[in-house]
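Colleague: The structure file structure-v2.cif (mmCIF, C-alpha atoms and all ligand atoms) is provided below.
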data_model
loop_
_atom_site.label_atom_id
_atom_site.label_comp_id
_atom_site.auth_asym_id
_atom_site.auth_seq_id
_atom_site.Cartn_x
_atom_site.Cartn_y
_atom_site.Cartn_z
CA MET W 1 0.00 0.00 0.00
CA ASN W 2 1.23 3.48 -0.80
CA THR W 3 1.42 5.54 2.39
CA ILE W 4 1.16 9.33 2.21
CA ILE W 5 3.51 10.79 4.82
CA SER W 6 3.01 14.25 6.33
CA LYS W 7 5.48 15.77 8.73
CA ILE W 8 3.66 18.29 10.92
CA ASP W 9 5.16 20.62 13.52
CA ILE W 10 2.81 20.97 16.48
CA ASN W 11 3.98 24.56 16.99
CA ASP W 12 3.29 25.55 13.40
CA ILE W 13 0.54 23.29 12.08
CA ASP W 14 0.42 23.10 8.30
CA LYS W 15 -3.30 23.16 7.48
CA ASN W 16 -2.73 21.77 3.98
CA GLU W 17 -1.09 18.64 5.33
CA ILE W 18 -3.94 18.26 7.84
CA LYS W 19 -6.47 18.55 5.00
CA LYS W 20 -4.62 15.97 2.91
CA GLN W 21 -4.70 13.39 5.73
CA SER W 22 -8.24 14.20 6.89
CA LYS W 23 -9.48 13.73 3.34
CA LEU W 24 -8.15 10.16 3.44
CA LEU W 25 -10.15 9.58 6.63
CA ALA W 26 -13.28 11.08 5.08
CA GLU W 27 -12.83 8.68 2.13
CA GLY W 28 -12.87 5.67 4.46
CA LYS W 29 -9.10 5.14 4.59
CA THR W 30 -6.69 4.69 7.51
CA VAL W 31 -4.42 7.42 8.89
CA ILE W 32 -1.95 7.33 11.79
CA PHE W 33 -1.65 10.51 13.87
CA PRO W 34 -0.12 11.56 17.20
CA THR W 35 -2.17 12.06 20.35
CA GLU W 36 -1.06 13.21 23.82
CA THR W 37 -0.91 9.53 24.94
CA VAL W 38 0.37 7.38 22.05
CA TYR W 39 0.04 7.43 18.26
CA GLY W 40 -3.38 6.27 17.05
CA LEU W 41 -4.37 4.39 13.88
CA GLY W 42 -7.58 6.08 12.80
CA ALA W 43 -10.52 5.48 10.49
CA ASN W 44 -14.15 6.64 10.30
CA ALA W 45 -15.77 5.03 13.39
CA LEU W 46 -19.20 4.96 11.74
CA ASP W 47 -18.06 3.19 8.56
CA GLU W 48 -17.71 -0.59 9.02
CA ASP W 49 -15.52 -1.03 5.98
CA ALA W 50 -13.15 1.68 7.15
CA VAL W 51 -12.98 0.15 10.64
CA LYS W 52 -12.22 -3.25 9.14
CA LYS W 53 -9.04 -1.74 7.67
CA ILE W 54 -7.85 -0.83 11.18
CA TYR W 55 -8.08 -4.45 12.34
CA GLU W 56 -6.28 -5.61 9.20
CA ALA W 57 -3.45 -3.09 9.52
CA LYS W 58 -2.82 -4.04 13.14
CA GLY W 59 -3.52 -7.75 12.89
CA ARG W 60 -5.92 -7.19 15.80
CA PRO W 61 -8.57 -9.67 17.01
CA SER W 62 -11.97 -8.34 15.93
CA ASP W 63 -13.60 -8.77 19.36
CA ASN W 64 -11.33 -6.08 20.76
CA PRO W 65 -13.34 -2.83 20.67
CA LEU W 66 -11.98 0.52 19.53
CA ILE W 67 -11.97 3.94 21.16
CA VAL W 68 -13.95 6.58 19.26
CA HIS W 69 -12.18 9.96 19.19
CA ILE W 70 -14.24 13.14 18.97
CA TYR W 71 -13.50 16.81 18.50
CA ASN W 72 -16.06 18.41 20.81
CA LYS W 73 -18.22 17.19 23.64
CA GLU W 74 -21.51 17.61 21.75
CA GLU W 75 -20.57 14.65 19.57
CA VAL W 76 -20.76 12.26 22.51
CA TYR W 77 -24.55 12.62 22.50
CA ASN W 78 -24.71 11.31 18.92
CA LEU W 79 -22.76 8.20 19.88
CA ALA W 80 -24.05 7.35 23.36
CA LYS W 81 -27.27 7.31 25.41
CA ASN W 82 -28.26 7.28 29.11
CA ILE W 83 -25.17 9.28 30.07
CA ASN W 84 -25.20 9.68 33.86
CA GLU W 85 -24.13 12.51 36.14
CA LYS W 86 -20.73 11.07 37.03
CA ALA W 87 -19.89 10.58 33.36
CA GLU W 88 -20.79 14.23 32.72
CA ILE W 89 -18.55 15.39 35.55
CA ILE W 90 -15.60 13.34 34.27
CA MET W 91 -15.99 14.58 30.69
CA ASP W 92 -16.31 18.21 31.79
CA LYS W 93 -13.30 18.02 34.07
CA PHE W 94 -10.83 15.97 32.00
CA TRP W 95 -11.74 16.51 28.33
CA PRO W 96 -9.91 17.22 26.19
CA GLY W 97 -7.36 14.85 27.72
CA PRO W 98 -6.16 11.31 28.34
CA ILE W 99 -9.32 9.64 29.63
CA THR W 100 -11.73 7.36 27.78
CA VAL W 101 -15.24 6.75 29.07
CA ILE W 102 -17.29 3.62 28.40
CA LEU W 103 -20.92 4.56 27.69
CA ASN W 104 -24.08 2.83 26.38
CA LYS W 105 -23.87 2.97 22.62
CA LYS W 106 -26.46 4.27 20.19
CA ASP W 107 -27.33 2.29 17.05
CA ILE W 108 -25.24 4.61 14.88
CA VAL W 109 -22.06 2.99 16.27
CA PRO W 110 -21.43 -0.22 14.31
CA TYR W 111 -20.75 -3.43 16.23
CA ARG W 112 -17.49 -3.70 14.35
CA THR W 113 -16.36 -0.57 16.19
CA SER W 114 -17.67 -1.70 19.59
CA GLY W 115 -16.33 -5.24 19.20
CA GLY W 116 -19.89 -6.56 19.35
CA LEU W 117 -20.61 -4.83 22.69
CA GLU W 118 -23.60 -2.64 23.57
CA THR W 119 -21.18 -0.03 24.93
CA VAL W 120 -18.82 2.39 23.20
CA ALA W 121 -15.52 3.87 24.36
CA VAL W 122 -15.25 7.63 23.71
CA ARG W 123 -12.38 10.04 24.16
CA MET W 124 -11.65 13.64 23.25
CA PRO W 125 -7.88 14.01 22.82
CA SER W 126 -6.07 17.24 23.66
CA HIS W 127 -3.19 16.93 21.18
CA LEU W 128 -3.49 19.84 18.75
CA ILE W 129 -2.65 17.78 15.66
CA ALA W 130 -5.13 15.04 16.64
CA ARG W 131 -7.80 17.67 17.22
CA GLU W 132 -7.25 19.31 13.82
CA ILE W 133 -7.31 15.95 12.04
CA ILE W 134 -10.59 14.87 13.69
CA LYS W 135 -12.24 18.26 13.14
CA GLU W 136 -11.25 18.38 9.49
CA ALA W 137 -12.30 14.74 8.83
CA GLY W 138 -15.80 15.72 10.01
CA VAL W 139 -16.54 12.25 11.45
CA PRO W 140 -15.74 10.52 14.75
CA ILE W 141 -12.48 8.60 14.44
CA ALA W 142 -11.95 5.10 15.80
CA ALA W 143 -8.30 4.76 16.75
CA PRO W 144 -6.43 2.08 18.63
CA SER W 145 -2.75 2.48 19.41
CA ALA W 146 -0.86 2.41 16.09
CA ASN W 147 1.26 -0.67 16.76
CA ILE W 148 1.08 -4.15 15.29
CA SER W 149 -1.13 -6.04 17.75
CA GLY W 150 0.88 -7.22 20.77
CA ARG W 151 3.80 -4.79 20.32
CA PRO W 152 4.52 -1.81 22.58
CA SER W 153 2.40 1.25 21.71
CA PRO W 154 4.22 3.85 19.57
CA THR W 155 5.15 7.09 21.31
CA LYS W 156 7.54 8.64 18.76
CA ALA W 157 7.28 9.41 15.04
CA ASP W 158 10.07 6.90 14.24
CA HIS W 159 8.10 4.07 15.84
CA VAL W 160 5.12 4.42 13.50
CA TYR W 161 7.22 5.17 10.46
CA GLU W 162 9.29 2.01 10.92
CA GLU W 163 6.45 -0.31 11.90
CA MET W 164 3.43 0.87 9.90
CA LYS W 165 4.63 2.42 6.62
CA GLY W 166 2.95 0.53 3.78
CA ARG W 167 0.18 -0.80 6.07
CA VAL W 168 -1.99 2.37 6.17
CA SER W 169 -3.03 5.12 3.71
CA GLY W 170 -1.53 8.02 5.67
CA ILE W 171 0.90 8.74 8.48
CA VAL W 172 1.28 12.06 10.28
CA LEU W 173 4.72 12.34 11.82
CA GLY W 174 4.18 14.82 14.65
CA GLY W 175 6.93 14.36 17.22
CA ASP W 176 6.78 12.69 20.61
CA CYS W 177 3.60 11.92 22.56
CA ASN W 178 3.76 13.62 25.96
CA PHE W 179 2.25 11.04 28.34
CA GLY W 180 3.56 7.92 26.59
CA LEU W 181 0.98 5.61 28.18
CA GLU W 182 -2.51 5.03 26.76
CA SER W 183 -5.52 6.82 28.22
CA THR W 184 -7.24 5.73 31.41
CA VAL W 185 -10.32 3.68 30.46
CA LEU W 186 -13.19 4.29 32.88
CA ASP W 187 -16.50 2.41 32.75
CA VAL W 188 -19.16 4.90 33.77
CA THR W 189 -22.17 2.75 32.87
CA THR W 190 -22.28 1.27 36.38
CA GLU W 191 -23.30 2.93 39.67
CA THR W 192 -19.70 2.94 40.91
CA PRO W 193 -17.33 3.73 38.04
CA MET W 194 -14.54 1.22 37.39
CA ILE W 195 -11.10 1.69 35.86
CA LEU W 196 -10.69 -0.98 33.17
CA ARG W 197 -7.23 0.24 32.14
CA PRO W 198 -5.10 2.50 34.39
CA GLY W 199 -3.56 5.53 32.66
CA SER W 200 -2.08 8.91 33.42
CA ILE W 201 -5.32 10.20 34.95
CA THR W 202 -5.15 8.36 38.23
CA LYS W 203 -7.67 6.71 40.54
CA GLU W 204 -6.84 9.37 43.15
CA GLU W 205 -7.60 12.23 40.74
CA LEU W 206 -10.92 10.63 39.76
CA GLU W 207 -11.94 9.94 43.35
CA ASP W 208 -11.30 13.56 44.24
CA ILE W 209 -14.23 14.59 42.08
CA ILE W 210 -16.65 11.64 41.89
CA GLY W 211 -16.00 9.61 45.04
CA THR W 212 -15.27 5.88 45.07
CA VAL W 213 -13.76 4.44 41.90
CA LEU W 214 -13.02 0.72 41.56
CA ILE W 215 -10.19 -0.90 39.61
CA ASP W 216 -11.00 -4.02 37.59
CA PRO W 217 -9.65 -6.68 40.00
CA SER W 218 -8.65 -9.00 37.17
CA LEU W 219 -5.78 -6.67 36.20
CA GLU W 220 -3.73 -7.71 39.23
CA LYS W 221 -2.86 -11.28 38.35
CA LYS W 222 -1.99 -13.08 35.15
CA GLU W 223 -4.40 -15.95 35.96
CA ASP W 224 -7.29 -13.48 36.14
CA ASN W 225 -6.49 -11.63 32.92
CA LYS W 226 -8.95 -13.67 30.89
CA LYS W 227 -11.71 -12.07 32.98
CA ALA W 228 -10.63 -8.50 32.23
CA LYS W 229 -13.57 -6.24 31.46
CA ALA W 230 -11.73 -4.34 28.73
CA PRO W 231 -11.27 -7.03 26.08
CA GLY W 232 -7.90 -5.54 25.11
CA MET W 233 -6.48 -6.26 28.56
CA LYS W 234 -6.86 -10.02 27.98
CA TYR W 235 -4.28 -10.19 25.24
CA THR W 236 -0.51 -10.39 25.40
CA HIS W 237 0.55 -6.82 24.96
CA TYR W 238 3.46 -4.42 25.04
CA SER W 239 5.86 -7.23 24.24
CA PRO W 240 9.25 -6.47 22.77
CA ASP W 241 11.20 -9.34 21.17
CA ALA W 242 13.38 -9.49 24.28
CA ASP W 243 12.30 -11.50 27.30
CA VAL W 244 11.41 -9.04 30.10
CA TYR W 245 11.66 -9.64 33.87
CA ILE W 246 10.81 -7.30 36.75
CA VAL W 247 13.15 -7.48 39.73
CA TYR W 248 11.77 -6.33 43.08
CA GLY W 249 13.31 -5.68 46.46
CA ASN W 250 15.12 -2.79 48.14
CA ARG W 251 17.48 -0.68 46.05
CA GLU W 252 20.70 -2.34 47.14
CA ASP W 253 19.43 -5.92 46.74
CA THR W 254 17.88 -5.14 43.35
CA ILE W 255 21.15 -3.75 42.01
CA LYS W 256 23.11 -6.75 43.34
CA LYS W 257 20.62 -9.25 41.93
CA ILE W 258 20.43 -7.67 38.49
CA ASN W 259 24.21 -7.38 38.22
CA SER W 260 24.65 -11.03 39.11
CA LEU W 261 22.03 -12.02 36.51
CA VAL W 262 23.86 -9.92 33.91
CA VAL W 263 27.07 -11.85 34.62
CA GLU W 264 25.25 -15.20 34.36
CA ASN W 265 23.69 -14.19 31.04
CA ASN W 266 27.01 -12.95 29.66
CA GLU W 267 28.50 -16.36 30.36
CA LYS W 268 25.67 -17.92 28.35
CA GLY W 269 26.30 -15.48 25.50
CA LEU W 270 23.01 -13.62 26.03
CA LYS W 271 22.83 -9.84 25.60
CA THR W 272 21.27 -8.27 28.66
CA GLY W 273 19.55 -4.90 29.07
CA VAL W 274 18.57 -3.06 32.25
CA MET W 275 15.78 -0.48 32.64
CA CYS W 276 16.06 1.69 35.74
CA LEU W 277 15.65 5.10 37.31
CA GLU W 278 18.18 7.68 36.13
CA GLN W 279 19.69 7.90 39.63
CA ASN W 280 20.61 4.18 39.54
CA LYS W 281 21.98 3.94 36.04
CA ASP W 282 25.67 3.98 36.92
CA SER W 283 25.20 1.10 39.37
CA TYR W 284 24.42 -1.48 36.68
CA ASN W 285 26.50 -3.51 34.28
CA GLY W 286 25.08 -4.54 30.93
CA THR W 287 23.28 -2.24 28.52
CA VAL W 288 21.41 0.31 30.61
CA VAL W 289 18.46 2.40 29.44
CA SER W 290 17.41 5.08 31.93
CA LEU W 291 13.66 5.64 32.25
CA GLY W 292 14.10 9.06 33.89
CA ASN W 293 13.81 10.48 37.39
CA THR W 294 10.09 10.72 38.11
CA LEU W 295 7.15 8.37 37.59
CA GLU W 296 5.85 10.76 34.92
CA GLU W 297 9.13 10.41 33.03
CA VAL W 298 9.10 6.63 33.42
CA GLY W 299 5.58 6.54 31.95
CA SER W 300 6.62 8.68 29.04
CA ASN W 301 9.81 6.70 28.28
CA LEU W 302 8.76 3.11 28.95
CA PHE W 303 7.52 2.00 25.51
CA ASP W 304 10.43 3.70 23.75
CA ALA W 305 12.88 1.94 26.09
CA LEU W 306 11.35 -1.45 25.23
CA ARG W 307 11.70 -0.68 21.53
CA GLN W 308 15.31 0.49 22.04
CA MET W 309 16.12 -2.89 23.60
CA ASP W 310 14.93 -4.63 20.44
CA LYS W 311 16.96 -2.30 18.25
CA MET W 312 20.07 -3.28 20.21
CA ASN W 313 19.18 -6.98 19.82
CA ILE W 314 18.95 -7.47 23.56
CA ASP W 315 17.86 -11.00 24.55
CA ILE W 316 16.86 -10.40 28.16
CA VAL W 317 15.71 -7.20 29.90
CA TYR W 318 15.61 -6.69 33.66
CA SER W 319 13.55 -3.76 34.90
CA GLU W 320 13.42 -2.23 38.33
CA GLU W 321 10.00 -2.29 39.97
CA PHE W 322 8.15 1.03 40.43
CA SER W 323 5.73 2.36 43.02
CA THR W 324 2.07 1.80 42.16
CA SER W 325 0.99 5.18 43.48
CA GLY W 326 -0.44 7.71 41.03
CA VAL W 327 0.65 7.04 37.46
CA GLY W 328 2.77 4.16 38.85
CA GLN W 329 -0.38 2.03 38.68
CA ALA W 330 -0.43 2.37 34.89
CA ILE W 331 3.33 1.90 34.60
CA MET W 332 3.33 -1.36 36.57
CA ASN W 333 0.27 -2.58 34.64
CA ARG W 334 2.09 -2.13 31.30
CA LEU W 335 5.42 -3.39 32.63
CA LEU W 336 3.85 -6.55 34.10
CA LYS W 337 2.14 -7.25 30.79
CA SER W 338 5.31 -6.71 28.78
CA ALA W 339 7.07 -9.08 31.19
CA GLY W 340 4.30 -11.65 30.89
CA TYR W 341 4.06 -11.23 34.71
CA LYS W 342 7.56 -12.68 35.24
CA ILE W 343 8.96 -11.22 38.45
CA ILE W 344 12.13 -12.07 40.36
CA LYS W 345 12.75 -11.41 44.04
CA ALA W 346 16.07 -9.69 44.68
O1 LIG P 1 -4.61 6.60 24.64
C1 LIG P 1 -5.37 5.84 24.02
O2 LIG P 1 -6.42 5.42 24.52
C2 LIG P 1 -4.95 5.41 22.62
C3 LIG P 1 -4.94 6.67 21.73
C4 LIG P 1 -4.66 6.36 20.30
O3 LIG P 1 -6.16 7.35 21.88
N1 LIG P 1 -5.81 4.39 22.11
C5 LIG P 1 -5.76 3.12 22.57
O4 LIG P 1 -6.64 2.25 21.95
O5 LIG P 1 -5.02 2.75 23.45
P1 LIG P 1 -6.52 0.67 22.06
O6 LIG P 1 -7.49 0.16 21.08
O7 LIG P 1 -5.12 0.26 21.91
O8 LIG P 1 -7.06 0.32 23.48
C6 LIG P 1 -8.43 0.44 23.80
C7 LIG P 1 -8.76 -0.30 25.07
C8 LIG P 1 -8.71 -1.79 24.85
O9 LIG P 1 -8.19 -2.42 26.02
C9 LIG P 1 -10.18 -2.12 24.63
O10 LIG P 1 -10.48 -3.46 24.93
C10 LIG P 1 -10.86 -1.14 25.59
O11 LIG P 1 -10.09 0.03 25.47
N2 LIG P 1 -12.24 -0.86 25.18
C11 LIG P 1 -12.66 -0.21 24.07
N3 LIG P 1 -14.01 -0.19 24.01
C12 LIG P 1 -14.46 -0.83 25.11
C13 LIG P 1 -15.76 -1.14 25.62
N4 LIG P 1 -16.86 -0.79 24.98
N5 LIG P 1 -15.83 -1.81 26.79
C14 LIG P 1 -14.70 -2.17 27.46
N6 LIG P 1 -13.45 -1.90 27.02
C15 LIG P 1 -13.33 -1.25 25.87
MG MG P 2 -3.32 -0.81 22.14
#
Please express what this file holds, its structure, as structure tokens.
Modeller:
Amino acid sequence: MNTIISKIDINDIDKNEIKKQSKLLAEGKTVIFPTETVYGLGANALDEDAVKKIYEAKGRPSDNPLIVHIYNKEEVYNLAKNINEKAEIIMDKFWPGPITVILNKKDIVPYRTSGGLETVAVRMPSHLIAREIIKEAGVPIAAPSANISGRPSPTKADHVYEEMKGRVSGIVLGGDCNFGLESTVLDVTTETPMILRPGSITKEELEDIIGTVLIDPSLEKKEDNKKAKAPGMKYTHYSPDADVYIVYGNREDTIKKINSLVVENNEKGLKTGVMCLEQNKDSYNGTVVSLGNTLEEVGSNLFDALRQMDKMNIDIVYSEEFSTSGVGQAIMNRLLKSAGYKIIKA
């Protein structure tokens, strides 16, 4: 497939390039564009044939529903019904931004978009390029993360260019995504809202404005993953080619343990990578990729670090464990999935 590439500077948005890509979307074709979370692979959410192309480009199972991206809040009322008070509060407070709400769908949303469910996931992104693209396309845009199914989500222009060129009609190269982790998915169809996928808008932030929020209990353990309420959370995900392990324990023990594993692997001829906080990076042997100083930085760098490991042909990656407070919940959710829940005690 011929892919039309547009390079767009977020600080000086070229309206002609936006129009070129939005026209593809309006014609029922697929276009990749940046959002504030990760790059998305978009198509007209109301056109079944267009949506089918998304699943094909990603190699994604068709029972995994898509998030519908809108430009302004009014559009949510065309897509969803019986929207309750808490849902309204969340949308008013956090949109545009990195939170997706699960609502009862109207008939206009095809089952191919909702993965056969009676609900629909809706999000209004804040990224200026994403907003222009959706506005100009004139239709709601279904967009999963723009990776081949199972791979880490793309957070930089290079990631989508390398992985998806030739698989979609258009790609907008628009720099780095700021959060680097996908949006928080919140089911607001139930009396007490439930987080189906943790993201950069945290449980604490949500509880501050709507009271008790649950977290889908099946996210905790690998054995329970099949029961996950967001179909996408059931699948293997975020996996680089390297085998990933999380090492937990206090700082000193973790460093000792990882360094001894690096030596063991070297003896076996395996290339080993380490992912850690910036402050610890000089303590490790092996190929070290720093994830930054703060949890926000770790969230933003994690998927790129996993991709870097593959580029360096690393066989085994050891990652430090991170706190599960705030955005740490989302980080550990993604890290555990990329590790296939393999953890080692230091
Ligand atoms: O940040 C994001 O959300 C990115 C950007 C591109 O917007 N999109 C994204 O989409 O991560 P995707 O398709 O990779 O993940 C969507 C998640 C999946 O786990 C899916 O199962 C869940 O949301 N989901 C979508 N619709 C749902 C529904 N009706 N009920 C429950 N879960 C749903
Ligand atoms: Mg995804």
Colleague: Here is a test: counting all atoms listed in the file, which residue of W:Asp304, W:Asp92, W:Glu27, W:Asp47 is nearest to Pro152 (chain W)?
Modeller: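 Counting all atoms listed in the file, the residue closest to Pro152 (chain W) is W:Asp304.
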Colleague: Using only C-alpha atoms and all ligand atoms, find each residue in chain W having at least one atom no more than 6 Å away from ligand LIG 1 (chain P); report its shortest atom-to-atom pair and that distance in Å (one decimal), rows by chain then rising number, as JSON lines.
Modeller:
{"residue": "W:Thr37", "atom": "CA", "partner": "P:LIG1", "partner_atom": "O1", "distance": 4.7}
{"residue": "W:Val38", "atom": "CA", "partner": "P:LIG1", "partner_atom": "C3", "distance": 5.4}
{"residue": "W:Tyr39", "atom": "CA", "partner": "P:LIG1", "partner_atom": "C4", "distance": 5.2}
{"residue": "W:Gly40", "atom": "CA", "partner": "P:LIG1", "partner_atom": "C4", "distance": 3.5}
{"residue": "W:Asn64", "atom": "CA", "partner": "P:LIG1", "partner_atom": "O10", "distance": 5.0}
{"residue": "W:Pro65", "atom": "CA", "partner": "P:LIG1", "partner_atom": "N3", "distance": 4.3}
{"residue": "W:Leu66", "atom": "CA", "partner": "P:LIG1", "partner_atom": "C11", "distance": 4.6}
{"residue": "W:Ile67", "atom": "CA", "partner": "P:LIG1", "partner_atom": "C11", "distance": 5.1}
{"residue": "W:Ile102", "atom": "CA", "partner": "P:LIG1", "partner_atom": "N4", "distance": 5.6}
{"residue": "W:Ser114", "atom": "CA", "partner": "P:LIG1", "partner_atom": "N4", "distance": 5.5}
{"residue": "W:Leu117", "atom": "CA", "partner": "P:LIG1", "partner_atom": "N4", "distance": 6.0}
{"residue": "W:Thr119", "atom": "CA", "partner": "P:LIG1", "partner_atom": "N4", "distance": 4.4}
{"residue": "W:Val120", "atom": "CA", "partner": "P:LIG1", "partner_atom": "N4", "distance": 4.1}
{"residue": "W:Ala121", "atom": "CA", "partner": "P:LIG1", "partner_atom": "N3", "distance": 4.3}
{"residue": "W:Ala143", "atom": "CA", "partner": "P:LIG1", "partner_atom": "C4", "distance": 5.3}
{"residue": "W:Pro144", "atom": "CA", "partner": "P:LIG1", "partner_atom": "O6", "distance": 3.3}
{"residue": "W:Ser145", "atom": "CA", "partner": "P:LIG1", "partner_atom": "O7", "distance": 4.1}
{"residue": "W:Glu182", "atom": "CA", "partner": "P:LIG1", "partner_atom": "O1", "distance": 3.4}
{"residue": "W:Ser183", "atom": "CA", "partner": "P:LIG1", "partner_atom": "O1", "distance": 3.7}
{"residue": "W:Lys229", "atom": "CA", "partner": "P:LIG1", "partner_atom": "C14", "distance": 5.8}
{"residue": "W:Ala230", "atom": "CA", "partner": "P:LIG1", "partner_atom": "N6", "distance": 3.4}
{"residue": "W:Pro231", "atom": "CA", "partner": "P:LIG1", "partner_atom": "O10", "distance": 3.8}
{"residue": "W:Gly232", "atom": "CA", "partner": "P:LIG1", "partner_atom": "O9", "distance": 3.3}
{"residue": "W:Met233", "atom": "CA", "partner": "P:LIG1", "partner_atom": "O9", "distance": 4.9}
Colleague: Generate a file of the selected residues that holds C-alpha atoms, formatted as a PDB file, keeping the file's coordinate frame.
Modeller:
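As written to disk, part13.pdb reads:
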ATOM      1  CA  THR W  37      -0.910   9.530  24.940  1.00  0.00           C
ATOM      2  CA  VAL W  38       0.370   7.380  22.050  1.00  0.00           C
ATOM      3  CA  TYR W  39       0.040   7.430  18.260  1.00  0.00           C
ATOM      4  CA  GLY W  40      -3.380   6.270  17.050  1.00  0.00           C
ATOM      5  CA  ASN W  64     -11.330  -6.080  20.760  1.00  0.00           C
ATOM      6  CA  PRO W  65     -13.340  -2.830  20.670  1.00  0.00           C
ATOM      7  CA  LEU W  66     -11.980   0.520  19.530  1.00  0.00           C
ATOM      8  CA  ILE W  67     -11.970   3.940  21.160  1.00  0.00           C
ATOM      9  CA  ILE W 102     -17.290   3.620  28.400  1.00  0.00           C
ATOM     10  CA  SER W 114     -17.670  -1.700  19.590  1.00  0.00           C
ATOM     11  CA  LEU W 117     -20.610  -4.830  22.690  1.00  0.00           C
ATOM     12  CA  THR W 119     -21.180  -0.030  24.930  1.00  0.00           C
ATOM     13  CA  VAL W 120     -18.820   2.390  23.200  1.00  0.00           C
ATOM     14  CA  ALA W 121     -15.520   3.870  24.360  1.00  0.00           C
ATOM     15  CA  ALA W 143      -8.300   4.760  16.750  1.00  0.00           C
ATOM     16  CA  PRO W 144      -6.430   2.080  18.630  1.00  0.00           C
ATOM     17  CA  SER W 145      -2.750   2.480  19.410  1.00  0.00           C
ATOM     18  CA  GLU W 182      -2.510   5.030  26.760  1.00  0.00           C
ATOM     19  CA  SER W 183      -5.520   6.820  28.220  1.00  0.00           C
ATOM     20  CA  LYS W 229     -13.570  -6.240  31.460  1.00  0.00           C
ATOM     21  CA  ALA W 230     -11.730  -4.340  28.730  1.00  0.00           C
ATOM     22  CA  PRO W 231     -11.270  -7.030  26.080  1.00  0.00           C
ATOM     23  CA  GLY W 232      -7.900  -5.540  25.110  1.00  0.00           C
ATOM     24  CA  MET W 233      -6.480  -6.260  28.560  1.00  0.00           C
TER      25      MET W 233
END
Colleague: Using all atoms listed in the file, can you tell me which of W:Glu296, W:Glu191, W:Asp243, W:Asp12 comes closest to Asp310 (chain W)?
Modeller: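 Closest to Asp310 (chain W) of all the choices is W:Asp243.
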Colleague: Which one is closest to Lys20 (chain W): W:Leu206, W:Ile8, W:Val76, W:Ala330? Count all atoms listed in the file.
Modeller: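 Checking each of W:Leu206, W:Ile8, W:Val76, W:Ala330 against Lys20 (chain W), counting all atoms listed in the file, the winner is W:Ile8.
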Colleague: Please check which residues have atoms at most 12 Å from (24.0, 0.5, 31.4) in the file's coordinates, counting all atoms listed in the file, and write them as a ChimeraX atom specification.
Modeller: /W:255,258-259,262,271-291,309,317-319
Colleague: Quick one: write out the picked residues with C-alpha atoms as a PDB file, in the frame of the given file?
Modeller:
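What landed in selection.pdb:
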ATOM      1  CA  ILE W 255      21.150  -3.750  42.010  1.00  0.00           C
ATOM      2  CA  ILE W 258      20.430  -7.670  38.490  1.00  0.00           C
ATOM      3  CA  ASN W 259      24.210  -7.380  38.220  1.00  0.00           C
ATOM      4  CA  VAL W 262      23.860  -9.920  33.910  1.00  0.00           C
ATOM      5  CA  LYS W 271      22.830  -9.840  25.600  1.00  0.00           C
ATOM      6  CA  THR W 272      21.270  -8.270  28.660  1.00  0.00           C
ATOM      7  CA  GLY W 273      19.550  -4.900  29.070  1.00  0.00           C
ATOM      8  CA  VAL W 274      18.570  -3.060  32.250  1.00  0.00           C
ATOM      9  CA  MET W 275      15.780  -0.480  32.640  1.00  0.00           C
ATOM     10  CA  CYS W 276      16.060   1.690  35.740  1.00  0.00           C
ATOM     11  CA  LEU W 277      15.650   5.100  37.310  1.00  0.00           C
ATOM     12  CA  GLU W 278      18.180   7.680  36.130  1.00  0.00           C
ATOM     13  CA  GLN W 279      19.690   7.900  39.630  1.00  0.00           C
ATOM     14  CA  ASN W 280      20.610   4.180  39.540  1.00  0.00           C
ATOM     15  CA  LYS W 281      21.980   3.940  36.040  1.00  0.00           C
ATOM     16  CA  ASP W 282      25.670   3.980  36.920  1.00  0.00           C
ATOM     17  CA  SER W 283      25.200   1.100  39.370  1.00  0.00           C
ATOM     18  CA  TYR W 284      24.420  -1.480  36.680  1.00  0.00           C
ATOM     19  CA  ASN W 285      26.500  -3.510  34.280  1.00  0.00           C
ATOM     20  CA  GLY W 286      25.080  -4.540  30.930  1.00  0.00           C
ATOM     21  CA  THR W 287      23.280  -2.240  28.520  1.00  0.00           C
ATOM     22  CA  VAL W 288      21.410   0.310  30.610  1.00  0.00           C
ATOM     23  CA  VAL W 289      18.460   2.400  29.440  1.00  0.00           C
ATOM     24  CA  SER W 290      17.410   5.080  31.930  1.00  0.00           C
ATOM     25  CA  LEU W 291      13.660   5.640  32.250  1.00  0.00           C
ATOM     26  CA  MET W 309      16.120  -2.890  23.600  1.00  0.00           C
ATOM     27  CA  VAL W 317      15.710  -7.200  29.900  1.00  0.00           C
ATOM     28  CA  TYR W 318      15.610  -6.690  33.660  1.00  0.00           C
ATOM     29  CA  SER W 319      13.550  -3.760  34.900  1.00  0.00           C
TER      30      SER W 319
END
Colleague: For CA of Ile195 (chain W) and CA of Gly249 (chain W), quote the distance in Å rounded to one decimal.
Modeller: 27.6 Å
Colleague: Could you tell me how far CA of Pro140 (chain W) sits from CA of Ala45 (chain W), in Å to one decimal place?
Modeller: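 Between CA of Ala45 (chain W) and CA of Pro140 (chain W) the gap works out to 5.7 Å.
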Colleague: Find the residue from W:Lys135, W:Asp63, W:Arg307, W:Leu181 that sits nearest to Glu162 (chain W); use all atoms listed in the file when measuring.
Modeller: W:Arg307
Colleague: At a cut-off of 12 Å, using all atoms listed in the file, what residues contact Asn16 (chain W)? Leave out same-chain residues fewer than 2 positions from it and give the result as an MDAnalysis selection string.
Modeller: chainID W and resid 6:8 12:14 18:23 132:133 136
Colleague: Give the answer as one residue: which of W:Asp107, W:Glu36, W:Asp9, W:Glu220 has the shortest atom-to-atom distance to Ser200 (chain W), using all atoms listed in the file?
Modeller: W:Glu36
